[in-house]
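Visitor: Below: one structure in structure tokens.
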Amino acid sequence: MFLHGGMADHRAGLVVVGQLVSSLRIIAPDVRGAGRSVFGGELSWDLLADDLACLMDRLGLERAVIGGISAGSAIALRFALRHSDRASGLVLVSPVYRGTALGLTQAQCDAMQTMDGFAQRALTNGIEALYPLYDALPEPIRDRAVAMASQFDVGSVAATTRFLASGVQPFDQLEDLAAIATPTLLIPGKDAEHPPEVAELYARYLPRCEVAPSVQESQSAIGRFCVDLPA
């Protein structure tokens, strides 16, 4: 099960793991408040992790490899802390959060506040108010991002960005990660919003952790990791 990041939907998750469908069963849902999951209320990491457990119940899955990219990796991490017996493996791609004790970096705060500002304006001006967020992206990626955003529910986007901009963390201290006995694959980020140092911190505390070389090699690394897990 693979979870997309903020300001995205299941299609962004499939960019990371979609090529693995020939060898693995891939479930890529829209997270609450994203894509086709319309929700304008208060979000929390516990709520998002419990949503995933409910989805597994609905699909008749007792255990699964749980993965995510960016904010999706935070949901996966919270799931492993909250439903440890149901995660057979954990895949964290471009992790963001360092825990309440350290909080967000200034670059992360700035990026999330900017994103939230655009989303709150979209409540008045329509979803098109989000489009300038993607101006700096290369043209093909920008076009896909705008096409995805054009289908979003404005209230859901605003609820999501409000939650992300709050800076609330999926765990308190890095030492909390030592309780996760689940085999974990870490794929570090490479930009200011997903600094590689976050993955380095995780690797110090997660007891059963391996680190993949780069995001570019993520699909093959995830495929090998899942296949090698004990039955």
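Following the order of the structure tokens, first chain is A, next is B, and so on, with residues numbered from 1 inside each chain and ligands from 1 in the order they appear.
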Give me, as a Markdown table, the closest atom pair and its distance (Å, one decimal) for every residue of range 79-156 of chain A within a cut-off of 7 Å of range 195-218 of chain A, counting only C-alpha atoms, rows sorted by chain and rising number.

Guide:
```
| residue | atom | partner | partner_atom | distance |
| --- | --- | --- | --- | --- |
| A:Pro95 | CA | A:Ala199 | CA | 6.4 |
| A:Val96 | CA | A:Val198 | CA | 6.5 |
| A:Tyr97 | CA | A:Val198 | CA | 7.0 |
| A:Arg98 | CA | A:Val198 | CA | 6.3 |
```

Visitor: Tell me, which residues of range 7-208 of chain A carry DSSP helix (DSSP H, G or I), written as a tab-separated table (two decimals) with C-alpha atoms, in the first residue's frame?

Guide:
```tsv
chain	number	residue	atom	x	y	z
A	10	HIS	CA	-3.02	8.39	-5.95
A	11	ARG	CA	-1.57	9.14	-9.37
A	12	ALA	CA	1.49	10.70	-7.75
A	13	GLY	CA	1.99	7.53	-5.71
A	14	LEU	CA	1.79	5.42	-8.84
A	15	VAL	CA	4.62	7.43	-10.37
A	16	VAL	CA	6.83	5.89	-7.68
A	17	VAL	CA	5.54	2.30	-7.59
A	18	GLY	CA	3.34	1.86	-10.66
A	19	GLN	CA	5.90	-0.15	-12.60
A	20	LEU	CA	5.87	-2.81	-9.89
A	21	VAL	CA	2.33	-4.01	-10.71
A	22	SER	CA	3.68	-6.93	-12.72
A	45	TRP	CA	-1.77	11.70	11.70
A	46	ASP	CA	-3.73	9.26	13.86
A	47	LEU	CA	-6.83	9.76	11.73
A	48	LEU	CA	-4.90	9.21	8.51
A	49	ALA	CA	-3.17	6.11	9.89
A	50	ASP	CA	-6.48	4.70	11.12
A	51	ASP	CA	-8.02	5.34	7.69
A	52	LEU	CA	-5.40	3.03	6.25
A	53	ALA	CA	-6.19	0.33	8.81
A	54	CYS	CA	-9.90	0.64	7.93
A	55	LEU	CA	-9.09	0.30	4.24
A	56	MET	CA	-7.10	-2.84	4.95
A	57	ASP	CA	-10.08	-4.23	6.87
A	58	ARG	CA	-12.35	-3.44	3.94
A	59	LEU	CA	-9.99	-5.23	1.56
A	71	ALA	CA	3.78	13.47	3.74
A	72	GLY	CA	2.65	9.98	2.75
A	73	SER	CA	5.77	8.60	4.41
A	74	ALA	CA	4.63	10.29	7.64
A	75	ILE	CA	1.30	8.45	7.45
A	76	ALA	CA	3.16	5.19	6.89
A	77	LEU	CA	5.41	5.93	9.87
A	78	ARG	CA	2.46	6.79	12.10
A	79	PHE	CA	0.75	3.59	10.97
A	80	ALA	CA	3.81	1.55	12.00
A	81	LEU	CA	3.75	3.18	15.44
A	82	ARG	CA	-0.01	2.79	15.89
A	84	SER	CA	2.67	-2.26	14.41
A	85	ASP	CA	1.27	-5.77	14.02
A	86	ARG	CA	-0.21	-4.96	10.61
A	106	GLN	CA	12.76	26.99	8.22
A	107	ALA	CA	12.73	25.96	4.56
A	108	GLN	CA	9.96	23.44	5.27
A	109	CYS	CA	7.96	26.03	7.23
A	110	ASP	CA	8.27	28.54	4.41
A	111	ALA	CA	7.22	26.00	1.76
A	112	MET	CA	4.20	24.79	3.72
A	113	GLN	CA	3.05	28.30	4.61
A	114	THR	CA	3.32	29.31	0.95
A	115	MET	CA	1.32	26.27	-0.11
A	116	ASP	CA	-1.34	27.00	2.49
A	117	GLY	CA	-1.57	30.63	1.38
A	118	PHE	CA	-2.38	29.58	-2.18
A	119	ALA	CA	-4.92	27.01	-0.95
A	120	GLN	CA	-6.72	29.47	1.30
A	121	ARG	CA	-6.97	31.97	-1.59
A	122	ALA	CA	-8.40	29.19	-3.72
A	123	LEU	CA	-11.35	29.00	-1.32
A	124	THR	CA	-12.39	32.42	-2.64
A	125	ASN	CA	-10.93	32.48	-6.13
A	127	ILE	CA	-8.95	26.00	-7.81
A	128	GLU	CA	-7.11	27.95	-10.52
A	129	ALA	CA	-5.51	30.00	-7.73
A	130	LEU	CA	-3.31	26.96	-7.04
A	131	TYR	CA	-1.77	26.81	-10.49
A	132	PRO	CA	1.05	29.36	-9.92
A	133	LEU	CA	2.44	26.96	-7.32
A	134	TYR	CA	3.62	24.77	-10.17
A	139	GLU	CA	6.87	21.92	-18.43
A	140	PRO	CA	5.73	18.26	-18.74
A	141	ILE	CA	5.65	17.83	-14.95
A	142	ARG	CA	3.94	21.20	-14.50
A	143	ASP	CA	1.25	20.28	-17.01
A	144	ARG	CA	0.55	16.99	-15.21
A	145	ALA	CA	0.45	18.74	-11.84
A	146	VAL	CA	-1.99	21.39	-13.07
A	147	ALA	CA	-4.20	18.73	-14.68
A	148	MET	CA	-4.26	16.84	-11.38
A	149	ALA	CA	-4.97	19.97	-9.34
A	154	VAL	CA	-10.99	23.23	-2.94
A	155	GLY	CA	-12.21	22.69	0.61
A	156	SER	CA	-10.27	19.45	0.88
A	157	VAL	CA	-7.08	21.07	-0.40
A	158	ALA	CA	-7.44	23.90	2.12
A	159	ALA	CA	-7.98	21.42	4.97
A	160	THR	CA	-4.88	19.48	3.93
A	161	THR	CA	-2.59	22.48	3.60
A	162	ARG	CA	-3.86	23.92	6.89
A	163	PHE	CA	-2.90	20.65	8.57
A	164	LEU	CA	0.53	20.48	6.92
A	165	ALA	CA	1.29	24.14	7.63
A	174	LEU	CA	13.46	10.43	17.22
A	175	GLU	CA	13.91	7.90	20.03
A	176	ASP	CA	10.27	6.90	19.46
A	177	LEU	CA	11.33	5.26	16.20
A	178	ALA	CA	13.30	2.64	18.11
A	179	ALA	CA	9.95	0.98	18.92
A	196	PRO	CA	18.47	13.89	3.09
A	197	GLU	CA	19.41	14.55	6.71
A	198	VAL	CA	15.92	13.43	7.78
A	199	ALA	CA	16.53	9.96	6.37
A	200	GLU	CA	19.94	9.93	8.04
A	201	LEU	CA	18.30	10.66	11.40
A	202	TYR	CA	15.73	7.91	10.86
A	203	ALA	CA	18.48	5.42	10.00
A	204	ARG	CA	20.12	6.02	13.39
A	205	TYR	CA	17.00	5.05	15.33
```

Visitor: For Phe39 in chain A, which residue out of A:Phe152, A:Gly126, A:Gly189, A:Glu62 is the nearest one, using only C-alpha atoms?

Guide: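 Going through A:Phe152, A:Gly126, A:Gly189, A:Glu62 one by one, the smallest distance to Phe39 in chain A is for A:Phe152.
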
Visitor: Report, in Å to a single decimal, how far apart CA of Asp228 in chain A and CA of Met1 in chain A are.

Guide: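 Interatomic distance, CA of Met1 in chain A to CA of Asp228 in chain A: 16.5 Å.
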
Visitor: What's the separation between CA of Gln173 in chain A and CA of Ala101 in chain A, in Å to one decimal place?

Guide: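 Spanning CA of Gln173 in chain A to CA of Ala101 in chain A is a straight-line distance of 5.6 Å.
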
Visitor: From a DSSP calculation on the backbone, collect every residue of range 36-153 of chain A in strand (DSSP E or B) and output the set as a PyMOL selection string.

Guide: chain A and resi 64-69+87-93

Visitor: Using only C-alpha atoms, pick whichever of A:Gly67, A:Pro138, A:Gly223, A:Gly6 has the shortest atom-to-atom distance to Arg32 in chain A.

Guide: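 Going through A:Gly67, A:Pro138, A:Gly223, A:Gly6 one by one, the smallest distance to Arg32 in chain A is for A:Gly6.
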